[in-house]
Structures are given as structure tokens and as C-alpha cells.
$ cat entry-v4.cif   # mmCIF, N, CA and C atoms and all ligand atoms
data_upload
loop_
_atom_site.label_atom_id
_atom_site.label_comp_id
_atom_site.auth_asym_id
_atom_site.auth_seq_id
_atom_site.Cartn_x
_atom_site.Cartn_y
_atom_site.Cartn_z
N MET A 1 204.40 111.39 117.02
CA MET A 1 203.06 110.83 117.15
C MET A 1 202.47 111.21 118.50
N LEU A 2 201.37 111.88 118.47
CA LEU A 2 200.80 112.34 119.73
C LEU A 2 199.74 111.40 120.26
N PHE A 3 199.20 110.59 119.41
CA PHE A 3 198.16 109.69 119.90
C PHE A 3 198.76 108.51 120.63
N ASP A 4 197.95 107.86 121.38
CA ASP A 4 198.39 106.72 122.16
C ASP A 4 198.64 105.56 121.22
N SER A 5 199.90 105.19 121.10
CA SER A 5 200.21 104.13 120.15
C SER A 5 200.54 102.83 120.85
N ASN A 6 200.08 102.70 122.08
CA ASN A 6 200.35 101.47 122.81
C ASN A 6 199.30 100.40 122.54
N ILE A 7 199.80 99.21 122.32
CA ILE A 7 198.90 98.09 122.08
C ILE A 7 199.35 96.98 123.02
N SER A 8 198.41 96.30 123.60
CA SER A 8 198.77 95.15 124.40
C SER A 8 198.42 93.88 123.66
N VAL A 9 199.30 92.94 123.79
CA VAL A 9 199.07 91.66 123.15
C VAL A 9 199.18 90.56 124.20
N ALA A 10 198.21 89.70 124.24
CA ALA A 10 198.28 88.56 125.15
C ALA A 10 198.19 87.30 124.31
N VAL A 11 199.14 86.43 124.50
CA VAL A 11 199.16 85.16 123.76
C VAL A 11 199.38 84.03 124.74
N ARG A 12 198.76 82.92 124.45
CA ARG A 12 198.96 81.77 125.32
C ARG A 12 199.93 80.81 124.63
N CYS A 13 200.93 80.40 125.40
CA CYS A 13 201.87 79.41 124.86
C CYS A 13 201.14 78.09 124.83
N MET A 14 201.08 77.46 123.68
CA MET A 14 200.34 76.22 123.55
C MET A 14 201.02 75.05 124.25
N ASP A 15 202.29 75.20 124.54
CA ASP A 15 203.00 74.15 125.25
C ASP A 15 202.77 74.23 126.76
N CYS A 16 202.88 75.45 127.30
CA CYS A 16 202.77 75.61 128.76
C CYS A 16 201.38 76.05 129.20
N GLY A 17 200.61 76.62 128.32
CA GLY A 17 199.30 77.13 128.69
C GLY A 17 199.38 78.46 129.45
N VAL A 18 200.54 79.07 129.46
CA VAL A 18 200.74 80.32 130.18
C VAL A 18 200.47 81.50 129.25
N PHE A 19 199.79 82.50 129.81
CA PHE A 19 199.55 83.71 129.03
C PHE A 19 200.74 84.65 129.16
N HIS A 20 201.07 85.30 128.09
CA HIS A 20 202.13 86.30 128.12
C HIS A 20 201.52 87.60 127.62
N ILE A 21 201.69 88.64 128.41
CA ILE A 21 201.19 89.93 127.99
C ILE A 21 202.37 90.83 127.67
N GLN A 22 202.30 91.47 126.55
CA GLN A 22 203.36 92.39 126.21
C GLN A 22 202.77 93.66 125.64
N ASN A 23 203.37 94.78 126.00
CA ASN A 23 202.93 96.04 125.45
C ASN A 23 203.87 96.43 124.33
N VAL A 24 203.31 96.74 123.22
CA VAL A 24 204.13 97.16 122.10
C VAL A 24 203.60 98.50 121.60
N THR A 25 204.45 99.26 121.02
CA THR A 25 204.00 100.49 120.40
C THR A 25 204.25 100.35 118.91
N LEU A 26 203.52 101.12 118.16
CA LEU A 26 203.73 101.06 116.72
C LEU A 26 205.14 101.53 116.38
N PHE A 27 205.66 102.38 117.25
CA PHE A 27 207.03 102.86 117.05
C PHE A 27 208.02 101.71 117.17
N ASP A 28 207.83 100.85 118.16
CA ASP A 28 208.68 99.66 118.32
C ASP A 28 208.64 98.81 117.07
N LEU A 29 207.44 98.66 116.56
CA LEU A 29 207.26 97.80 115.40
C LEU A 29 207.88 98.42 114.15
N HIS A 30 207.83 99.72 114.14
CA HIS A 30 208.36 100.43 112.99
C HIS A 30 209.89 100.34 112.95
N LYS A 31 210.48 100.35 114.14
CA LYS A 31 211.93 100.30 114.25
C LYS A 31 212.50 99.00 113.73
N SER A 32 211.85 97.92 114.11
CA SER A 32 212.39 96.63 113.68
C SER A 32 211.44 95.99 112.67
N ASP A 33 212.00 95.19 111.84
CA ASP A 33 211.20 94.54 110.81
C ASP A 33 210.15 93.62 111.40
N MET A 34 210.63 92.86 112.37
CA MET A 34 209.76 91.84 112.94
C MET A 34 209.95 91.86 114.44
N HIS A 35 208.85 91.89 115.14
CA HIS A 35 208.90 91.92 116.59
C HIS A 35 208.38 90.56 117.04
N SER A 36 209.24 89.77 117.68
CA SER A 36 208.73 88.46 118.07
C SER A 36 208.80 88.26 119.56
N MET A 37 207.93 87.42 120.05
CA MET A 37 207.87 87.12 121.46
C MET A 37 208.02 85.63 121.60
N SER A 38 208.77 85.23 122.64
CA SER A 38 208.82 83.80 122.87
C SER A 38 208.56 83.51 124.33
N CYS A 39 208.15 82.31 124.60
CA CYS A 39 207.80 81.88 125.94
C CYS A 39 209.07 81.48 126.67
N GLY A 40 208.99 81.35 127.99
CA GLY A 40 210.12 80.91 128.79
C GLY A 40 210.61 79.52 128.39
N CYS A 41 209.73 78.74 127.78
CA CYS A 41 210.11 77.39 127.37
C CYS A 41 210.86 77.41 126.05
N GLY A 42 210.99 78.60 125.47
CA GLY A 42 211.75 78.70 124.23
C GLY A 42 210.90 78.68 122.98
N LYS A 43 209.61 78.49 123.16
CA LYS A 43 208.73 78.42 122.01
C LYS A 43 208.38 79.83 121.51
N ASP A 44 208.43 80.01 120.21
CA ASP A 44 208.00 81.29 119.64
C ASP A 44 206.49 81.32 119.66
N ILE A 45 205.92 82.36 120.25
CA ILE A 45 204.48 82.35 120.37
C ILE A 45 203.78 83.35 119.45
N ILE A 46 204.48 84.40 119.07
CA ILE A 46 203.83 85.38 118.20
C ILE A 46 204.89 86.22 117.49
N ARG A 47 204.53 86.67 116.31
CA ARG A 47 205.40 87.61 115.60
C ARG A 47 204.53 88.76 115.11
N LEU A 48 205.02 89.96 115.27
CA LEU A 48 204.26 91.14 114.88
C LEU A 48 205.06 91.95 113.88
N LYS A 49 204.35 92.51 112.97
CA LYS A 49 205.02 93.29 111.94
C LYS A 49 204.13 94.44 111.55
N SER A 50 204.72 95.59 111.33
CA SER A 50 203.92 96.73 110.91
C SER A 50 204.52 97.31 109.64
N LYS A 51 203.65 97.65 108.73
CA LYS A 51 204.12 98.24 107.49
C LYS A 51 203.85 99.73 107.53
N GLU A 52 204.91 100.50 107.66
CA GLU A 52 204.81 101.96 107.74
C GLU A 52 203.74 102.43 108.72
N CYS A 53 203.57 101.69 109.78
CA CYS A 53 202.60 102.02 110.83
C CYS A 53 201.16 102.07 110.32
N LYS A 54 200.92 101.55 109.16
CA LYS A 54 199.56 101.61 108.62
C LYS A 54 198.84 100.29 108.77
N THR A 55 199.52 99.26 108.37
CA THR A 55 198.92 97.95 108.56
C THR A 55 199.75 97.17 109.57
N PHE A 56 199.12 96.22 110.11
CA PHE A 56 199.65 95.54 111.25
C PHE A 56 199.42 94.04 111.03
N HIS A 57 200.50 93.28 111.01
CA HIS A 57 200.38 91.84 110.76
C HIS A 57 200.74 91.05 112.00
N VAL A 58 199.94 90.09 112.30
CA VAL A 58 200.19 89.25 113.46
C VAL A 58 200.29 87.81 112.98
N TYR A 59 201.40 87.18 113.30
CA TYR A 59 201.59 85.77 112.92
C TYR A 59 201.59 84.94 114.18
N ILE A 60 200.74 83.95 114.22
CA ILE A 60 200.68 83.08 115.40
C ILE A 60 200.83 81.63 114.97
N PRO A 61 201.86 80.95 115.48
CA PRO A 61 202.00 79.54 115.16
C PRO A 61 200.91 78.75 115.89
N CYS A 62 200.18 77.94 115.17
CA CYS A 62 199.07 77.20 115.76
C CYS A 62 199.42 75.73 115.84
N GLU A 63 199.32 75.21 117.06
CA GLU A 63 199.65 73.80 117.29
C GLU A 63 198.56 72.89 116.75
N ILE A 64 197.35 73.39 116.74
CA ILE A 64 196.22 72.58 116.31
C ILE A 64 196.34 72.30 114.81
N CYS A 65 196.63 73.34 114.06
CA CYS A 65 196.72 73.18 112.60
C CYS A 65 198.14 72.87 112.14
N ASN A 66 199.07 73.07 113.07
CA ASN A 66 200.46 72.87 112.73
C ASN A 66 200.95 73.82 111.65
N LYS A 67 200.38 75.01 111.66
CA LYS A 67 200.88 76.04 110.75
C LYS A 67 200.68 77.41 111.38
N GLU A 68 201.18 78.41 110.69
CA GLU A 68 201.11 79.75 111.23
C GLU A 68 199.90 80.49 110.66
N HIS A 69 199.14 81.12 111.53
CA HIS A 69 198.00 81.91 111.05
C HIS A 69 198.40 83.37 110.97
N LEU A 70 197.92 84.03 109.95
CA LEU A 70 198.22 85.45 109.78
C LEU A 70 196.94 86.26 109.95
N PHE A 71 197.03 87.30 110.76
CA PHE A 71 195.91 88.21 110.97
C PHE A 71 196.39 89.59 110.56
N THR A 72 195.61 90.28 109.79
CA THR A 72 196.00 91.62 109.36
C THR A 72 194.98 92.65 109.82
N PHE A 73 195.48 93.73 110.36
CA PHE A 73 194.62 94.84 110.80
C PHE A 73 195.21 96.13 110.29
N THR A 74 194.40 97.16 110.32
CA THR A 74 194.94 98.49 110.08
C THR A 74 195.29 99.03 111.46
N SER A 75 196.20 99.99 111.53
CA SER A 75 196.57 100.49 112.86
C SER A 75 195.36 101.13 113.54
N LYS A 76 194.48 101.68 112.76
CA LYS A 76 193.25 102.26 113.32
C LYS A 76 192.44 101.19 114.05
N GLN A 77 192.40 100.01 113.47
CA GLN A 77 191.64 98.93 114.09
C GLN A 77 192.22 98.47 115.42
N VAL A 78 193.53 98.52 115.53
CA VAL A 78 194.14 98.07 116.79
C VAL A 78 194.23 99.17 117.82
N LEU A 79 194.36 100.39 117.37
CA LEU A 79 194.52 101.50 118.32
C LEU A 79 193.17 102.07 118.73
N THR A 80 192.33 101.22 119.21
CA THR A 80 191.05 101.70 119.69
C THR A 80 190.92 101.33 121.14
N LYS A 81 189.82 101.65 121.71
CA LYS A 81 189.59 101.31 123.12
C LYS A 81 189.04 99.88 123.23
N LYS A 82 189.04 99.20 122.11
CA LYS A 82 188.47 97.85 122.11
C LYS A 82 189.54 96.79 122.13
N MET A 83 189.09 95.57 122.18
CA MET A 83 190.02 94.46 122.16
C MET A 83 189.55 93.45 121.13
N ARG A 84 190.48 92.85 120.47
CA ARG A 84 190.13 91.85 119.48
C ARG A 84 190.61 90.48 119.92
N ILE A 85 189.83 89.48 119.55
CA ILE A 85 190.22 88.11 119.86
C ILE A 85 190.70 87.48 118.56
N LEU A 86 191.86 86.90 118.58
CA LEU A 86 192.36 86.23 117.39
C LEU A 86 192.11 84.73 117.55
N GLU A 87 191.32 84.21 116.65
CA GLU A 87 190.94 82.81 116.74
C GLU A 87 191.58 81.99 115.64
N CYS A 88 191.79 80.74 115.93
CA CYS A 88 192.24 79.81 114.90
C CYS A 88 191.05 79.61 113.96
N PRO A 89 191.20 79.88 112.67
CA PRO A 89 190.06 79.77 111.77
C PRO A 89 189.51 78.36 111.63
N ALA A 90 190.32 77.36 111.92
CA ALA A 90 189.86 75.98 111.78
C ALA A 90 189.15 75.47 113.02
N SER A 91 189.76 75.71 114.20
CA SER A 91 189.19 75.13 115.42
C SER A 91 188.43 76.15 116.26
N ARG A 92 188.53 77.43 115.89
CA ARG A 92 187.90 78.51 116.66
C ARG A 92 188.51 78.64 118.05
N ALA A 93 189.66 78.05 118.26
CA ALA A 93 190.34 78.19 119.54
C ALA A 93 190.88 79.61 119.63
N GLU A 94 190.79 80.20 120.82
CA GLU A 94 191.29 81.55 120.99
C GLU A 94 192.80 81.52 121.14
N LEU A 95 193.46 82.18 120.25
CA LEU A 95 194.92 82.13 120.25
C LEU A 95 195.54 83.33 120.95
N ALA A 96 194.92 84.49 120.77
CA ALA A 96 195.52 85.70 121.33
C ALA A 96 194.48 86.80 121.46
N PHE A 97 194.83 87.78 122.28
CA PHE A 97 194.00 88.97 122.45
C PHE A 97 194.87 90.17 122.16
N ILE A 98 194.29 91.13 121.51
CA ILE A 98 195.09 92.29 121.14
C ILE A 98 194.24 93.55 121.24
N GLY A 99 194.84 94.62 121.73
CA GLY A 99 194.12 95.89 121.79
C GLY A 99 194.37 96.65 123.06
N ASN A 100 193.33 97.26 123.57
CA ASN A 100 193.40 98.09 124.76
C ASN A 100 193.95 97.32 125.95
N ARG A 101 194.95 97.90 126.60
CA ARG A 101 195.65 97.19 127.66
C ARG A 101 194.75 96.72 128.80
N GLN A 102 193.88 97.60 129.25
CA GLN A 102 193.03 97.25 130.38
C GLN A 102 192.12 96.07 130.05
N LEU A 103 191.56 96.10 128.87
CA LEU A 103 190.67 95.01 128.46
C LEU A 103 191.42 93.70 128.31
N VAL A 104 192.61 93.79 127.73
CA VAL A 104 193.43 92.59 127.53
C VAL A 104 193.76 91.97 128.89
N GLU A 105 194.15 92.82 129.84
CA GLU A 105 194.49 92.30 131.17
C GLU A 105 193.28 91.69 131.87
N GLU A 106 192.14 92.33 131.72
CA GLU A 106 190.92 91.80 132.34
C GLU A 106 190.59 90.42 131.81
N VAL A 107 190.69 90.28 130.49
CA VAL A 107 190.32 89.01 129.88
C VAL A 107 191.29 87.91 130.27
N VAL A 108 192.56 88.26 130.37
CA VAL A 108 193.56 87.26 130.75
C VAL A 108 193.33 86.81 132.19
N THR A 109 193.04 87.77 133.08
CA THR A 109 192.75 87.44 134.48
C THR A 109 191.56 86.50 134.55
N LYS A 110 190.56 86.78 133.75
CA LYS A 110 189.36 85.94 133.74
C LYS A 110 189.70 84.53 133.25
N TYR A 111 190.47 84.46 132.20
CA TYR A 111 190.85 83.16 131.64
C TYR A 111 191.66 82.35 132.63
N GLU A 112 192.61 83.02 133.28
CA GLU A 112 193.47 82.30 134.22
C GLU A 112 192.65 81.78 135.38
N LYS A 113 191.66 82.56 135.78
CA LYS A 113 190.78 82.15 136.88
C LYS A 113 189.97 80.92 136.45
N ASP A 114 189.43 80.98 135.23
CA ASP A 114 188.66 79.86 134.70
C ASP A 114 189.50 78.60 134.64
N ILE A 115 190.73 78.75 134.20
CA ILE A 115 191.62 77.59 134.08
C ILE A 115 191.88 77.00 135.46
N ARG A 116 192.13 77.90 136.43
CA ARG A 116 192.36 77.42 137.80
C ARG A 116 191.14 76.69 138.35
N GLU A 117 189.96 77.25 138.07
CA GLU A 117 188.73 76.60 138.55
C GLU A 117 188.56 75.23 137.91
N LEU A 118 188.92 75.15 136.64
CA LEU A 118 188.81 73.89 135.93
C LEU A 118 189.75 72.86 136.54
N ILE A 119 190.97 73.31 136.87
CA ILE A 119 191.95 72.41 137.48
C ILE A 119 191.44 71.94 138.85
N ASP A 120 190.85 72.85 139.62
CA ASP A 120 190.28 72.50 140.92
C ASP A 120 189.23 71.41 140.78
N VAL A 121 188.40 71.54 139.76
CA VAL A 121 187.35 70.56 139.54
C VAL A 121 187.96 69.21 139.18
N LEU A 122 188.98 69.23 138.36
CA LEU A 122 189.61 67.99 137.92
C LEU A 122 190.34 67.28 139.06
N ILE A 123 190.89 68.06 139.98
CA ILE A 123 191.61 67.47 141.11
C ILE A 123 190.56 67.02 142.14
ZN ZN B 201 205.85 77.80 126.81
ZN ZN B 202 194.87 76.84 113.74
#
$ encode --input "entry-v4.cif" --output "C-alpha cells"
Amino acid sequence: MLFDSNISVAVRCMDCGVFHIQNVTLFDLHKSDMHSMSCGCGKDIIRLKSKECKTFHVYIPCEICNKEHLFTFTSKQVLTKKMRILECPASRAELAFIGNRQLVEEVVTKYEKDIRELIDVLI
């Protein structure tokens, strides 16, 4: 594969509120059936699965709904210069960001800054 098959995924652990960024390649996903990420607290935060590198499934356990949400994309949709926001369909809470690494990192930095500012206001 000559094209850039790197995807960045950022997910927030609903228990700790910490963002986790991970870079995955479609090759990684192809090698294993299920690629899962867990937080330092032991909570599973996301599971990724790719079917023959064509479709891409993202499973995110949602604390709000108490169930797992499934998002499906084609690899073309994820391997772009854009970034996608994965929202809880019920509460519209942002669960994860996926796509171009630079954009994902920018958005996470912004979110962390916002959260810090919010904490400053509360204190
Ligand atoms: Zn956690
Ligand atoms: Zn939900």
C-alpha cells in the first residue's frame, strides 16, 4: 500500500475525562480482528475493526446510554485530510474524533484547554 494509511483516533475516557490519542494504520487493523484501546483506569474506551481494509467499524461504549455505539465508514472516508466527530446519537455528546492526525491533535488540544478553563472558572 503506497498511500498514507495512518488514521488518528482520539477518544475521551468517560470515567477520567482524559483524551487518548492513538495512531492506527489500516494494516494494523487488518492484521488483528479487533483493535481495542483502553484507558489507564482499565476502562475499554474504543474498539476498531476493519473488513478487508474496505470498511471500518468503530465501537464506542457510551456511559450516557449505557450501551455501545457503532459507527461505520469506508476506508476512503477515514483516509482523507479531514476529521470526523463521532457523536452519541441520543445525547449528541462528542465521543471521539477520527481522521487526519494534525486535525485530531488540534481539536484535542483545544478541548483540553477548554476543560482547563472551565475548571479555572469553577475553582
Ligand atoms: Zn479512564
Ligand atoms: Zn450514547
$ closest_residue --input "entry-v4.cif" --among "A:Ile119, A:Cys41, A:Cys88, A:Ile98" --to "Phe56 (chain A)" --atoms "only C-alpha atoms"
A:Ile98
$ closest_residue --input "entry-v4.cif" --among "A:Ile46, A:Cys13, A:Ile85, A:Val108" --to "Ile60 (chain A)" --atoms "only N, CA and C atoms"
A:Ile46
$ select_by_dssp --input "entry-v4.cif" --residues "region 77-115 of chain A" --states "helix (DSSP H, G or I)" --output "list in words"
Gln77, Val78, Arg101, Gln102, Leu103, Val104, Glu105, Glu106, Val107, Val108, Thr109, Lys110, Tyr111, Glu112, Lys113, Asp114 and Ile115 of chain A
$ residues_near_ligand --input "entry-v4.cif" --ligand "ligand ZN 202 (chain B)" --cutoff "7 Å" --atoms "only C-alpha atoms and all ligand atoms" --output "JSON, numbers by chain"
{"A": [62, 63, 64, 65, 66, 67, 69, 88, 89, 90, 91]}
$ closest_residue --input "entry-v4.cif" --among "A:Ile21, A:Lys82, A:Lys49, A:Asn100" --to "Asp33 (chain A)" --atoms "only C-alpha atoms"
A:Lys49
$ residues_near_ligand --input "entry-v4.cif" --ligand "ligand ZN 201 (chain B)" --cutoff "12 Å" --atoms "only C-alpha atoms and all ligand atoms" --output "list in words"
Val11, Arg12, Cys13, Met14, Asp15, Cys16, Gly17, Val18, Phe19, His20, Met37, Ser38, Cys39, Gly40, Cys41, Gly42, Lys43, Asp44, Ile45 and Ile46 of chain A
$ closest_residue --input "entry-v4.cif" --among "A:Asn23, A:Thr55, A:Ser36, A:Asn6" --to "Lys76 (chain A)" --atoms "all atoms listed in the file"
A:Thr55
$ select_by_dssp --input "entry-v4.cif" --residues "region 29-117 of chain A" --states "strand (DSSP E)" --output "ChimeraX atom specification"
/A:35-38,44-51,55-62,67-74,83-87,94-99
$ residues_around --input "entry-v4.cif" --residues "Thr74 (chain A)" --least-positions-apart "3" --cutoff "10 Å" --atoms "only C-alpha atoms" --output "PyMOL selection string"
chain A and resi 50-51+53-57+77-79
$ residues_around --input "entry-v4.cif" --residues "Leu48 (chain A)" --least-positions-apart "5" --cutoff "6 Å" --atoms "only C-alpha atoms" --output "list in words"
Met34, His35, His57 and Val58 of chain A
$ atom_distance --input "entry-v4.cif" --atom1 "CA of Phe71 (chain A)" --atom2 "CA of Lys31 (chain A)"
20.3 Å
